[in-house]
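What follows is a short report on a single structure.
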Amino acid sequence: MSLSDPCQRIIFCRTGALTEGEDDDSSAEEDEEEEEEDEEATSGEYIAVGDFTAQQVGDLTFKKGEILLIIEKNPDGWWMAKNAKGNKGLIPRTYLEPYNKEEDQESSEEGSEEDVEVGDETAEGAEVKQRTDSHWSAVRKAISEQINTVDVLTTMGAIPAGFRPSTLFQLLEEGNQFRASYFLQPALTTSQLAFRDLMWDAKTGSIRSRPSRVSLILTLWSCKMIPLPGASIQVLSRHVRFCLFDGNKVLSNIHTVRATWQPKTPKTWTFSPQVTGILPCLLDGDCFIRSNSSSPDLGILFELGISYIRNSTGERGELSCGWVFLKLFDASGIPIPAKTYELFLNGGTPYEKGVEVDPSVSRRAHGSVFHQMMTVRRQPQLLVKLRSLNRRSRNMLSLLPETLIGSMCSVHLLIFYRQILGDVLLKDRMSMHSADLISNPVLATFPKLLEQPDIMDALRSSWAEKESTLKRSDKPLVVPVFSQRDKELLKAVFLLVYHDCVLPLLHSALLPPFRWAEEETEAARWKVIADFLKQNRENEGALQALLSPAGLHEPFDISEQTYDFLGEIRKNAA
């Protein structure tokens, strides 16, 4: 499978592991080199490059630097070996190197030089292109700390051998090009003179609906048989990240849904739990997916992950517990049917082949057909359901950007934003050639809500309360039969709710900065938000809270309340 920028920069492989993510030619060369090394190795002797502790009966424990005699090489990567004391057992191939002291020293020196050359080339700003030679050396150097940590955790038995540093989390950390706020901004045409996915419909007095090749609703049901980490790490969050993928690169924003679990069934993750009040959008398993990509290999890449902290060092990290790719079209280009899919997870990264999440499960599969059937039931799996759209859902999603993934519970808020965006950029602008800054706090700040889901929930709650007081004829926003006057009234009410709820919270000095998977911070933020919303209800607005001496707010520059659509496009393209 080919690799392309920027995804190729965050591919992970275990230190010393053989991967099959490169092309056939390079794989063949590596196989030839391995054969030569094996022939030169004295009497089938190998040296251990790390410590390994037996995971089950039949395994052989060894220490780094220990010389082992290989008796049998199994195709699954677990070899039969004998140590100096004569003890025999299975050991993982990835912990071994052919025993030849002189050649090992030379190859390690060459590898170090090669890493330095690759690092220099990328540091000078050269474009990272597809590579088939020394790709893995550059990757290992860039993420050596994470790989070392994962190797240590695997060796300790804290995590299964198929766990890796999270690929999709690393993409999110690279910049905003994989975040929803990026795809929410209007895209310009090639000529830079018009918007490609934001058009005005003079007949209806609103933005024009735009169908897309993919427009569906995805429901996350559950994850089953997910291996448990060891006691040496504390899990802070269990979640699923997913995005549109064509087998080569990510084609959409990366959306995250947090899972819940019960102590009695810790290997089962569930979504959309029953809660008092509104369901937080971070827990909402009902998601919409839109894409206009013409790729025949278009599909959804799922990555199950955990956020963790090591008890001994306090080090935090993100791990992938497995991944799976669901292709959305068959070989004839026909969309796959809307139904529930039981997807078995792969270990490693999306650029590795043949890696299992927990190899110890399949190693126990030898035996009767019954045992093999039971082994299949123990394989980690993800249950999802693709749902076809009814007329109302189709009308709503057609008002969103042509490429976007998000939570269904916030669709109506995204539509408000798009409608206001259309008013400001298409209807009310004096000249389409004007690139002046636009004074509009909603357009300037709304994308921030996509990265702070608790404030988005506060807006949802405030709008739901306000909507319940409106007349029935004022409520719908996307049904064509409603008059322009009703739609304008609805937008005006939404703007009032937004100014009363979101803007004070975004500038509140009492609200701690948003941090992912920090329970204390999340609880402190929600307490501030809940107290503020309670005051708003009691005082029928935010004015009294804003004027109160107890209400502390950060100063802001007026430019923070202005919308620069050309600047947003430039930042997104950077």
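Please note that chains go A, B, ... in the order of the structure tokens, that every chain numbers its residues from 1, and that ligands are numbered from 1 in the order shown.
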
Spatial neighbours of Gly230 (chain A), 8 Å, only C-alpha atoms, chain gap at least 5 places, as a JSON list (two decimals) with N, CA and C atoms, in the first residue's frame:
[["chain", "number", "residue", "atom", "x", "y", "z"],
["A", 157, "GLY", "N", 4.41, -6.53, 29.75],
["A", 157, "GLY", "CA", 3.10, -7.18, 29.74],
["A", 157, "GLY", "C", 1.96, -6.24, 30.05],
["A", 158, "ALA", "N", 2.25, -4.91, 30.04],
["A", 158, "ALA", "CA", 1.21, -3.92, 30.37],
["A", 158, "ALA", "C", 0.21, -3.77, 29.24],
["A", 159, "ILE", "N", 0.64, -4.00, 28.00],
["A", 159, "ILE", "CA", -0.25, -3.90, 26.85],
["A", 159, "ILE", "C", 0.02, -5.05, 25.91]]

Backbone DSSP call of helix (DSSP H, G or I) for region 277-400 of chain A, listed as a ChimeraX atom specification: /A:281-283,359-363,369-377,391-397

Keeping only C-alpha atoms, take the residues you just selected and write them out as a compact mmCIF listing (two decimals), in the first residue's frame.
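So result_38.txt came out as:
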# COMPACT_ATOMS: atom_id res chain seq x y z
CA CYS A 281 -21.90 15.32 22.13
CA LEU A 282 -18.58 13.64 23.02
CA LEU A 283 -20.55 10.51 24.01
CA PRO A 359 -1.38 -12.58 19.22
CA SER A 360 -1.86 -14.80 22.27
CA VAL A 361 -5.52 -15.34 21.27
CA SER A 362 -4.74 -16.92 17.88
CA ARG A 363 -1.90 -18.95 19.37
CA VAL A 369 -13.16 -26.75 15.17
CA PHE A 370 -14.95 -25.82 18.38
CA HIS A 371 -11.79 -24.25 19.80
CA GLN A 372 -11.26 -22.32 16.59
CA MET A 373 -14.86 -21.05 16.69
CA MET A 374 -14.39 -19.93 20.27
CA THR A 375 -11.19 -18.15 19.25
CA VAL A 376 -13.07 -16.17 16.60
CA ARG A 377 -15.54 -15.07 19.28
CA ARG A 391 -36.16 13.14 3.77
CA ARG A 392 -35.68 15.43 6.76
CA SER A 393 -32.17 14.15 7.52
CA ARG A 394 -31.19 14.44 3.86
CA ASN A 395 -32.39 18.05 3.74
CA MET A 396 -30.47 18.92 6.88
CA LEU A 397 -27.18 17.30 5.88

Residue contacts of Ile405 (chain A) (8 Å, only C-alpha atoms) excluding same-chain residues fewer than 2 positions away, as a ChimeraX atom specification: /A:180,243,252-255,287-290,403,407

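Residues lying within 12 Å of Asp557 (chain A), counting only C-alpha atoms and ignoring same-chain neighbours fewer than 4 positions away, are Pro441, His507, Gln561 and Thr562 of chain A.
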
With N, CA and C atoms retained, write the just-selected residues as a PDB file, in the first residue's frame.
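Printed below is again-v1.pdb as written:
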ATOM      1  N   PRO A 441     -18.917  38.235  15.795  1.00  0.00           N
ATOM      2  CA  PRO A 441     -18.372  37.341  16.826  1.00  0.00           C
ATOM      3  C   PRO A 441     -18.767  35.881  16.651  1.00  0.00           C
ATOM      4  N   HIS A 507     -14.538  33.670  27.184  1.00  0.00           N
ATOM      5  CA  HIS A 507     -13.641  34.670  27.763  1.00  0.00           C
ATOM      6  C   HIS A 507     -13.643  34.648  29.288  1.00  0.00           C
ATOM      7  N   GLN A 561     -12.950  39.232  17.549  1.00  0.00           N
ATOM      8  CA  GLN A 561     -14.379  39.184  17.282  1.00  0.00           C
ATOM      9  C   GLN A 561     -14.694  39.453  15.811  1.00  0.00           C
ATOM     10  N   THR A 562     -13.660  39.498  14.976  1.00  0.00           N
ATOM     11  CA  THR A 562     -13.863  39.724  13.545  1.00  0.00           C
ATOM     12  C   THR A 562     -13.541  38.463  12.767  1.00  0.00           C
TER      13      THR A 562
END

For Glu72 (chain A): contacts at 12 Å, only C-alpha atoms, fewer than 2 positions along chain excluded, given as a PyMOL selection string: chain A and resi 44-45+68-70+74-82+88-91+93

Now that the selection is made, can you save its residues with N, CA, C and O atoms as a compact mmCIF listing (two decimals), in the first residue's frame?
# COMPACT_ATOMS: atom_id res chain seq x y z
N GLY A 44 22.62 -20.75 13.59
CA GLY A 44 21.25 -20.30 13.85
C GLY A 44 21.14 -19.51 15.13
O GLY A 44 20.08 -19.48 15.74
N GLU A 45 22.22 -18.86 15.56
CA GLU A 45 22.19 -18.10 16.80
C GLU A 45 21.72 -16.67 16.55
O GLU A 45 22.09 -16.04 15.56
N LEU A 68 20.52 -16.79 21.74
CA LEU A 68 19.52 -17.86 21.66
C LEU A 68 19.72 -18.67 20.39
O LEU A 68 20.01 -18.11 19.32
N LEU A 69 19.55 -19.97 20.49
CA LEU A 69 19.66 -20.86 19.34
C LEU A 69 18.26 -21.15 18.80
O LEU A 69 17.39 -21.64 19.54
N ILE A 70 18.03 -20.81 17.54
CA ILE A 70 16.70 -21.00 16.93
C ILE A 70 16.59 -22.43 16.42
O ILE A 70 17.39 -22.88 15.60
N ASN A 74 8.59 -20.46 12.86
CA ASN A 74 7.18 -20.55 12.49
C ASN A 74 6.75 -19.31 11.70
O ASN A 74 7.23 -18.21 11.97
N PRO A 75 5.86 -19.46 10.72
CA PRO A 75 5.45 -18.32 9.89
C PRO A 75 4.69 -17.24 10.64
O PRO A 75 4.57 -16.12 10.16
N ASP A 76 4.16 -17.56 11.84
CA ASP A 76 3.40 -16.55 12.58
C ASP A 76 4.29 -15.59 13.36
O ASP A 76 3.81 -14.69 14.06
N GLY A 77 5.63 -15.76 13.25
CA GLY A 77 6.55 -14.85 13.92
C GLY A 77 6.97 -15.30 15.30
O GLY A 77 7.78 -14.64 15.95
N TRP A 78 6.44 -16.42 15.78
CA TRP A 78 6.85 -16.99 17.07
C TRP A 78 7.75 -18.19 16.80
O TRP A 78 7.31 -19.21 16.26
N TRP A 79 9.03 -18.07 17.17
CA TRP A 79 10.03 -19.09 16.86
C TRP A 79 10.33 -19.93 18.10
O TRP A 79 10.32 -19.43 19.23
N MET A 80 10.65 -21.21 17.84
CA MET A 80 11.08 -22.10 18.91
C MET A 80 12.58 -21.89 19.12
O MET A 80 13.37 -21.96 18.17
N ALA A 81 12.96 -21.59 20.36
CA ALA A 81 14.36 -21.29 20.65
C ALA A 81 14.83 -22.03 21.90
O ALA A 81 14.02 -22.50 22.71
N LYS A 82 16.16 -22.12 22.04
CA LYS A 82 16.78 -22.73 23.22
C LYS A 82 17.84 -21.78 23.76
O LYS A 82 18.63 -21.22 22.99
N LYS A 88 13.82 -24.57 26.49
CA LYS A 88 13.21 -24.31 25.19
C LYS A 88 11.86 -23.61 25.36
O LYS A 88 11.20 -23.77 26.38
N GLY A 89 11.47 -22.85 24.32
CA GLY A 89 10.17 -22.20 24.34
C GLY A 89 9.98 -21.27 23.15
O GLY A 89 10.93 -21.06 22.36
N LEU A 90 8.77 -20.73 23.00
CA LEU A 90 8.46 -19.82 21.90
C LEU A 90 8.88 -18.40 22.27
O LEU A 90 8.69 -17.95 23.40
N ILE A 91 9.44 -17.68 21.28
CA ILE A 91 9.86 -16.29 21.48
C ILE A 91 9.43 -15.47 20.26
O ILE A 91 9.33 -16.01 19.16
N ARG A 93 9.82 -13.11 17.10
CA ARG A 93 10.88 -12.80 16.14
C ARG A 93 11.33 -11.34 16.23
O ARG A 93 12.50 -11.02 15.99

Atom pair CA of Thr313 (chain A) / CA of Thr268 (chain A): separation (Å): 28.0 Å
